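> After the structure tokens below, expect a handful of questions from me.
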Amino acid sequence: MAATDSAAQQRIAAGSIYVYGLTWSGRGDARGPGVADAEVKVLEHGELAAIVSGAGGGPLRAKRRDLLRHSEVLQAAYTKAPVLPFRFGTVLDSAAAVDELLAERYEELVALLQAFEGLGELRLRASFLEHAILAEIVQGDPRIAALRDATSTATGADPRRVELGEAVARTLAAKRAAAADEIVASLVGHALELQVEEPREELEVVRASFLVERRRLRKFEAAADTLATGHGGRISFDLIGPMPPHSFVSLTPGGGA
């Protein structure tokens, strides 16, 4: 039983099966098209159903279109039942290999599906609005304001510009840390688990995923709305979900999760 991963670029053998994720038999909502425009279907084994499509014979690459297709197929299935996602690029040799995988890990996978029943992932990204946070920094620190005024008309190399940049960066980092702590503390009580990623941009405050019970989604969203209102004009909030728990379980054919 062979499998590729998201970095795979080798040619996939004809007859191979692309695996998106797992759900319950009889409850899977298989919709196409999937990766490489292949028709999506389910392969059932007892209580389990693998969401799959043909893998085609071409090279498998992590193209934006196929990454989106992978997510869309899982999201469609998630509207009907819990879903355990496989990592993008998971390909098995045949339908028989998929059935073998489900048989070998049957009890483990059933238990995982039961554990994630009624749960969903919400992803939050919060970022400072540049004009607002820079104005706040200048207004809140007389030394920074003085340096800004002193260097606004300066020409050539002026060491005060370096001093100004370093002072702004320190203050921005402190404000970012304080805002991140506030946001996470306000939301984590509505979640079962939390995964926080490192910021990818200077103005990014929080990039985090929350595992939330569906029955508590409205409370979580209300808490996020309260934060957005409180920081209106200062921090932008982008909340996505609920979706399958990509950040909390990512299956691999070899047994990892």
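The way I read the labels, and the way they are meant: chains A, B, ... in the order of the structure tokens, residue 1 as the first residue of every chain, and ligand 1 as the first ligand shown, with later ones counted on from there.
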Using only C-alpha atoms, which residues of segment 176-212 of chain A come within 9 Å of segment 122-133 of chain A, and what is the closest atom pair for each, with the distance in Å to one decimal? Give it as a Markdown table, sorted by chain and residue number.

| residue | atom | partner | partner_atom | distance |
| --- | --- | --- | --- | --- |
| A:Arg176 | CA | A:Phe128 | CA | 8.1 |
| A:Ala180 | CA | A:Ala126 | CA | 8.5 |
| A:Ile183 | CA | A:Ala126 | CA | 8.8 |
| A:Glu201 | CA | A:Ser127 | CA | 8.7 |
| A:Glu202 | CA | A:Ser127 | CA | 8.9 |
| A:Leu203 | CA | A:Phe128 | CA | 5.2 |
| A:Glu204 | CA | A:Ser127 | CA | 4.1 |
| A:Val205 | CA | A:Ser127 | CA | 5.0 |
| A:Val206 | CA | A:Ala126 | CA | 5.1 |
| A:Arg207 | CA | A:Arg125 | CA | 4.5 |
| A:Ala208 | CA | A:Leu124 | CA | 5.4 |
| A:Ser209 | CA | A:Arg123 | CA | 4.4 |
| A:Phe210 | CA | A:Leu122 | CA | 5.2 |
| A:Leu211 | CA | A:Leu122 | CA | 6.6 |
| A:Val212 | CA | A:Leu122 | CA | 7.2 |
> Residues as selected, N, CA and C atoms, written as a compact mmCIF listing (two decimals), in the first residue's frame, can you do that?

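What follows is the written file result.txt:
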# COMPACT_ATOMS: atom_id res chain seq x y z
N ARG A 176 0.91 43.91 20.54
CA ARG A 176 0.48 42.68 19.88
C ARG A 176 0.34 41.55 20.89
N ALA A 180 -3.15 39.75 21.84
CA ALA A 180 -3.26 38.31 21.62
C ALA A 180 -3.72 37.61 22.89
N ILE A 183 -7.46 38.30 23.42
CA ILE A 183 -8.33 37.60 22.47
C ILE A 183 -8.42 36.13 22.82
N GLU A 201 2.84 37.83 9.81
CA GLU A 201 3.03 39.20 9.36
C GLU A 201 3.22 40.09 10.58
N GLU A 202 3.86 41.24 10.36
CA GLU A 202 4.18 42.13 11.47
C GLU A 202 2.94 42.61 12.22
N LEU A 203 1.87 42.87 11.49
CA LEU A 203 0.66 43.40 12.12
C LEU A 203 -0.31 42.31 12.57
N GLU A 204 0.02 41.06 12.30
CA GLU A 204 -0.88 39.97 12.70
C GLU A 204 -0.81 39.77 14.20
N VAL A 205 -1.97 39.73 14.84
CA VAL A 205 -2.06 39.59 16.29
C VAL A 205 -2.23 38.14 16.69
N VAL A 206 -3.20 37.47 16.09
CA VAL A 206 -3.52 36.08 16.43
C VAL A 206 -3.86 35.31 15.16
N ARG A 207 -3.34 34.10 15.07
CA ARG A 207 -3.76 33.13 14.07
C ARG A 207 -3.95 31.83 14.85
N ALA A 208 -5.20 31.44 15.08
CA ALA A 208 -5.47 30.32 15.97
C ALA A 208 -6.66 29.51 15.49
N SER A 209 -6.68 28.24 15.90
CA SER A 209 -7.79 27.35 15.62
C SER A 209 -8.38 26.86 16.93
N PHE A 210 -9.70 26.83 17.00
CA PHE A 210 -10.41 26.41 18.21
C PHE A 210 -11.29 25.22 17.87
N LEU A 211 -11.25 24.19 18.72
CA LEU A 211 -12.15 23.05 18.58
C LEU A 211 -13.36 23.31 19.45
N VAL A 212 -14.52 23.42 18.82
CA VAL A 212 -15.72 23.90 19.52
C VAL A 212 -16.87 22.93 19.32
> Kindly assemble as CSV a list of the segment 52-164 of chain A residues that lie within 10 Å of segment 243-250 of chain A, each paired with its nearest atom pair and their distance in Å to one decimal, using only C-alpha atoms, sorted first by chain and then by ascending residue number.

residue,atom,partner,partner_atom,distance
A:Ser71,CA,A:Pro244,CA,9.0
A:Glu72,CA,A:Met243,CA,9.9
A:Leu74,CA,A:Pro244,CA,7.0
A:Gln75,CA,A:Met243,CA,6.1
A:Ala76,CA,A:Met243,CA,9.5
A:Ala77,CA,A:Pro244,CA,9.0
A:Tyr78,CA,A:Pro244,CA,6.2
A:Thr79,CA,A:Met243,CA,8.5
A:Ala81,CA,A:Pro244,CA,9.7
A:Pro82,CA,A:Pro244,CA,7.3
A:Val83,CA,A:Pro244,CA,5.8
A:Leu84,CA,A:Val249,CA,6.8
A:Pro85,CA,A:Ser250,CA,5.6
A:Phe86,CA,A:Ser250,CA,5.4
A:Arg87,CA,A:Ser250,CA,5.8
A:Phe88,CA,A:Ser250,CA,9.4
A:Leu112,CA,A:Val249,CA,8.9
A:Phe116,CA,A:Pro245,CA,8.1
A:Leu119,CA,A:Pro245,CA,7.8
A:Gly120,CA,A:Met243,CA,5.4
A:Glu121,CA,A:Pro245,CA,5.0
A:Leu122,CA,A:Met243,CA,6.7
A:Arg123,CA,A:Met243,CA,8.8
> Limited to C-alpha atoms, could you put the picked residues into a file as a compact mmCIF listing (two decimals), in the first residue's frame?

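Now in selection24.txt:
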# COMPACT_ATOMS: atom_id res chain seq x y z
CA SER A 71 -11.12 21.38 1.40
CA GLU A 72 -14.44 21.80 -0.42
CA LEU A 74 -14.42 17.69 3.11
CA GLN A 75 -16.58 20.71 3.93
CA ALA A 76 -19.50 19.31 1.91
CA ALA A 77 -19.27 16.01 3.77
CA TYR A 78 -18.97 17.81 7.11
CA THR A 79 -22.39 19.43 6.63
CA ALA A 81 -21.70 14.12 9.49
CA PRO A 82 -18.38 14.29 11.37
CA VAL A 83 -15.32 14.07 9.14
CA LEU A 84 -11.74 13.03 9.86
CA PRO A 85 -9.56 14.70 7.21
CA PHE A 86 -6.59 13.05 5.56
CA ARG A 87 -3.68 15.26 4.59
CA PHE A 88 -3.73 16.73 1.13
CA LEU A 112 -11.84 8.93 16.54
CA PHE A 116 -15.19 14.28 17.05
CA LEU A 119 -17.39 19.17 17.07
CA GLY A 120 -16.03 21.66 14.58
CA GLU A 121 -12.99 23.84 14.02
CA LEU A 122 -13.16 27.61 13.97
CA ARG A 123 -10.16 29.54 12.64
> Using only C-alpha atoms, which residues sit within 12 Å of Glu163 of chain A once same-chain residues fewer than 3 positions away are excluded, as a list in words?
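Residues near the query, excluding close chain neighbours: Arg143, Ile144, Ala146, Leu147, Arg148, Ala150, Thr151, Asp158, Pro159, Arg160, Glu166, Ala167, Val168, Ala169 and Arg170 of chain A.
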> Next, dump the selected residues to file, keeping only C-alpha atoms, as a tab-separated table (two decimals), in the first residue's frame.

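Heads up, here's the output in again-v5.tsv:
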chain	number	residue	atom	x	y	z
A	143	ARG	CA	9.32	60.07	23.04
A	144	ILE	CA	8.16	58.34	19.87
A	146	ALA	CA	9.11	63.63	19.40
A	147	LEU	CA	11.32	61.36	17.31
A	148	ARG	CA	8.73	61.24	14.56
A	150	ALA	CA	12.23	65.45	14.57
A	151	THR	CA	12.83	63.07	11.67
A	158	ASP	CA	19.77	60.22	10.47
A	159	PRO	CA	20.43	57.81	13.39
A	160	ARG	CA	17.23	59.03	15.00
A	166	GLU	CA	13.27	50.33	16.99
A	167	ALA	CA	11.05	52.12	19.50
A	168	VAL	CA	7.95	51.63	17.34
A	169	ALA	CA	8.79	47.94	16.83
A	170	ARG	CA	9.16	47.35	20.58
> As a compact mmCIF listing (two decimals) with N, CA and C atoms, in the first residue's frame, list the residues of segment 2-162 of chain A assigned to alpha helix (DSSP H) by DSSP on the backbone atoms of this structure.

# COMPACT_ATOMS: atom_id res chain seq x y z
N ARG A 64 -3.13 25.53 -5.93
CA ARG A 64 -4.18 26.20 -5.17
C ARG A 64 -5.55 25.61 -5.49
N ARG A 65 -5.81 25.35 -6.78
CA ARG A 65 -7.12 24.83 -7.17
C ARG A 65 -7.40 23.49 -6.50
N ASP A 66 -6.41 22.60 -6.49
CA ASP A 66 -6.63 21.28 -5.90
C ASP A 66 -6.67 21.34 -4.38
N LEU A 67 -5.90 22.24 -3.78
CA LEU A 67 -6.00 22.43 -2.34
C LEU A 67 -7.41 22.86 -1.95
N LEU A 68 -7.98 23.77 -2.75
CA LEU A 68 -9.36 24.21 -2.49
C LEU A 68 -10.34 23.08 -2.69
N ARG A 69 -10.15 22.30 -3.74
CA ARG A 69 -11.05 21.17 -4.00
C ARG A 69 -11.02 20.18 -2.83
N HIS A 70 -9.83 19.90 -2.34
CA HIS A 70 -9.69 19.00 -1.20
C HIS A 70 -10.52 19.50 -0.02
N SER A 71 -10.38 20.79 0.28
CA SER A 71 -11.12 21.38 1.40
C SER A 71 -12.62 21.41 1.14
N GLU A 72 -13.02 21.71 -0.08
CA GLU A 72 -14.44 21.80 -0.42
C GLU A 72 -15.14 20.45 -0.30
N VAL A 73 -14.47 19.39 -0.73
CA VAL A 73 -15.06 18.05 -0.62
C VAL A 73 -15.28 17.70 0.85
N LEU A 74 -14.28 17.98 1.68
CA LEU A 74 -14.42 17.69 3.11
C LEU A 74 -15.50 18.55 3.75
N GLN A 75 -15.58 19.82 3.35
CA GLN A 75 -16.58 20.71 3.93
C GLN A 75 -17.99 20.25 3.57
N ALA A 76 -18.18 19.80 2.33
CA ALA A 76 -19.50 19.31 1.91
C ALA A 76 -19.90 18.10 2.73
N ALA A 77 -18.97 17.19 2.97
CA ALA A 77 -19.27 16.01 3.77
C ALA A 77 -19.55 16.39 5.22
N TYR A 78 -18.84 17.40 5.71
CA TYR A 78 -18.97 17.81 7.11
C TYR A 78 -20.36 18.40 7.40
N ALA A 95 -8.76 0.71 -4.67
CA ALA A 95 -9.89 0.64 -3.75
C ALA A 95 -9.67 -0.45 -2.71
N ALA A 96 -9.03 -1.54 -3.10
CA ALA A 96 -8.74 -2.62 -2.15
C ALA A 96 -7.79 -2.14 -1.06
N ALA A 97 -6.84 -1.27 -1.41
CA ALA A 97 -5.92 -0.73 -0.41
C ALA A 97 -6.65 0.17 0.58
N VAL A 98 -7.64 0.92 0.10
CA VAL A 98 -8.45 1.74 1.00
C VAL A 98 -9.20 0.85 1.97
N ASP A 99 -9.81 -0.22 1.46
CA ASP A 99 -10.55 -1.14 2.32
C ASP A 99 -9.62 -1.79 3.35
N GLU A 100 -8.41 -2.12 2.93
CA GLU A 100 -7.42 -2.71 3.84
C GLU A 100 -7.07 -1.74 4.96
N LEU A 101 -6.90 -0.46 4.61
CA LEU A 101 -6.61 0.56 5.61
C LEU A 101 -7.72 0.66 6.64
N LEU A 102 -8.97 0.70 6.18
CA LEU A 102 -10.11 0.81 7.09
C LEU A 102 -10.20 -0.41 7.98
N ALA A 103 -9.89 -1.58 7.43
CA ALA A 103 -9.96 -2.81 8.21
C ALA A 103 -8.87 -2.84 9.28
N GLU A 104 -7.66 -2.47 8.90
CA GLU A 104 -6.53 -2.55 9.83
C GLU A 104 -6.67 -1.58 11.00
N TYR A 106 -9.63 -0.14 12.03
CA TYR A 106 -11.07 0.04 12.18
C TYR A 106 -11.45 0.59 13.56
N GLU A 107 -11.04 -0.07 14.62
CA GLU A 107 -11.45 0.35 15.97
C GLU A 107 -10.92 1.75 16.29
N GLU A 108 -9.67 2.02 15.91
CA GLU A 108 -9.10 3.34 16.15
C GLU A 108 -9.89 4.43 15.44
N LEU A 109 -10.24 4.19 14.18
CA LEU A 109 -10.91 5.21 13.38
C LEU A 109 -12.36 5.41 13.84
N VAL A 110 -13.02 4.33 14.21
CA VAL A 110 -14.38 4.47 14.75
C VAL A 110 -14.34 5.30 16.02
N ALA A 111 -13.38 5.03 16.90
CA ALA A 111 -13.26 5.79 18.15
C ALA A 111 -12.98 7.26 17.88
N LEU A 112 -12.13 7.54 16.88
CA LEU A 112 -11.84 8.93 16.54
C LEU A 112 -13.09 9.65 16.03
N LEU A 113 -13.84 8.99 15.16
CA LEU A 113 -15.06 9.61 14.65
C LEU A 113 -16.04 9.89 15.79
N GLN A 114 -16.15 8.95 16.70
CA GLN A 114 -17.03 9.16 17.85
C GLN A 114 -16.55 10.35 18.69
N ALA A 115 -15.23 10.47 18.85
CA ALA A 115 -14.67 11.54 19.66
C ALA A 115 -14.93 12.92 19.06
N GLU A 130 -3.12 49.09 10.25
CA GLU A 130 -1.84 49.79 10.31
C GLU A 130 -1.97 51.25 10.74
N HIS A 131 -2.84 52.00 10.06
CA HIS A 131 -2.94 53.43 10.36
C HIS A 131 -3.37 53.64 11.82
N ALA A 132 -4.34 52.84 12.28
CA ALA A 132 -4.86 53.03 13.63
C ALA A 132 -3.82 52.69 14.69
N ILE A 133 -3.10 51.57 14.51
CA ILE A 133 -2.16 51.16 15.56
C ILE A 133 -0.94 52.07 15.59
N LEU A 134 -0.49 52.55 14.43
CA LEU A 134 0.65 53.47 14.43
C LEU A 134 0.28 54.81 15.07
N ALA A 135 -0.93 55.27 14.79
CA ALA A 135 -1.38 56.51 15.44
C ALA A 135 -1.48 56.33 16.95
N GLU A 136 -1.95 55.17 17.37
CA GLU A 136 -2.07 54.87 18.80
C GLU A 136 -0.69 54.85 19.46
N ILE A 137 0.27 54.26 18.79
CA ILE A 137 1.63 54.20 19.33
C ILE A 137 2.23 55.59 19.49
N VAL A 138 2.07 56.43 18.48
CA VAL A 138 2.62 57.79 18.52
C VAL A 138 1.94 58.61 19.62
N GLN A 139 0.62 58.50 19.69
CA GLN A 139 -0.12 59.28 20.69
C GLN A 139 0.16 58.82 22.12
N GLY A 140 0.52 57.55 22.27
CA GLY A 140 0.72 57.00 23.61
C GLY A 140 2.14 57.11 24.14
N PRO A 142 5.26 59.95 24.23
CA PRO A 142 5.80 61.26 23.86
C PRO A 142 7.18 61.17 23.21
N ARG A 143 7.98 60.20 23.62
CA ARG A 143 9.32 60.07 23.04
C ARG A 143 9.22 59.67 21.57
N ILE A 144 8.34 58.75 21.26
CA ILE A 144 8.16 58.34 19.87
C ILE A 144 7.60 59.50 19.05
N ALA A 145 6.65 60.23 19.64
CA ALA A 145 6.07 61.38 18.94
C ALA A 145 7.15 62.42 18.63
N ALA A 146 8.05 62.65 19.60
CA ALA A 146 9.11 63.63 19.40
C ALA A 146 10.09 63.18 18.31
N LEU A 147 10.42 61.89 18.33
CA LEU A 147 11.32 61.36 17.31
C LEU A 147 10.68 61.44 15.92
N ARG A 148 9.41 61.15 15.85
CA ARG A 148 8.73 61.24 14.56
C ARG A 148 8.75 62.66 14.02
N ASP A 149 8.46 63.63 14.90
CA ASP A 149 8.45 65.03 14.47
C ASP A 149 9.86 65.48 14.06
N ALA A 150 10.85 65.01 14.83
CA ALA A 150 12.23 65.45 14.57
C ALA A 150 12.77 64.88 13.27
N THR A 151 12.29 63.71 12.88
CA THR A 151 12.83 63.07 11.67
C THR A 151 11.93 63.24 10.46
N PRO A 159 20.51 58.92 12.43
CA PRO A 159 20.43 57.81 13.39
C PRO A 159 19.14 57.81 14.19
N ARG A 160 18.49 58.97 14.26
CA ARG A 160 17.23 59.03 15.00
C ARG A 160 16.13 58.22 14.31
N ARG A 161 16.25 58.03 12.99
CA ARG A 161 15.27 57.21 12.28
C ARG A 161 15.36 55.75 12.72
N VAL A 162 16.59 55.29 12.91
CA VAL A 162 16.78 53.92 13.41
C VAL A 162 16.21 53.80 14.82
> Calculated over only C-alpha atoms, which of the candidates A:Glu39, A:Asp141, A:Glu197, A:Glu213 has the smallest distance to Gly118 of chain A?
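Result for the nearest residue to Gly118 of chain A: A:Glu213.
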> Identify, on the basis of only C-alpha atoms, every residue whose closest approach to Val52 of chain A does not exceed 8 Å; exclude the query and any residue fewer than 6 positions from it along the same chain; express the result as a list in words.
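Listing them by chain and then by number gives Ile17, Tyr18, Val19, Tyr20, Gly21, Val40, Lys41, Val42 and Leu43 of chain A.
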> Could you write out that same residue set with C-alpha atoms as a compact mmCIF listing (two decimals), in the first residue's frame?

# COMPACT_ATOMS: atom_id res chain seq x y z
CA ILE A 17 -7.40 6.32 -5.25
CA TYR A 18 -7.18 9.80 -3.75
CA VAL A 19 -8.46 9.84 -0.15
CA TYR A 20 -9.97 13.03 1.33
CA GLY A 21 -11.18 11.81 4.68
CA VAL A 40 -16.03 12.04 -5.65
CA LYS A 41 -17.62 8.95 -4.09
CA VAL A 42 -17.51 6.90 -0.87
CA LEU A 43 -16.07 3.47 -0.16
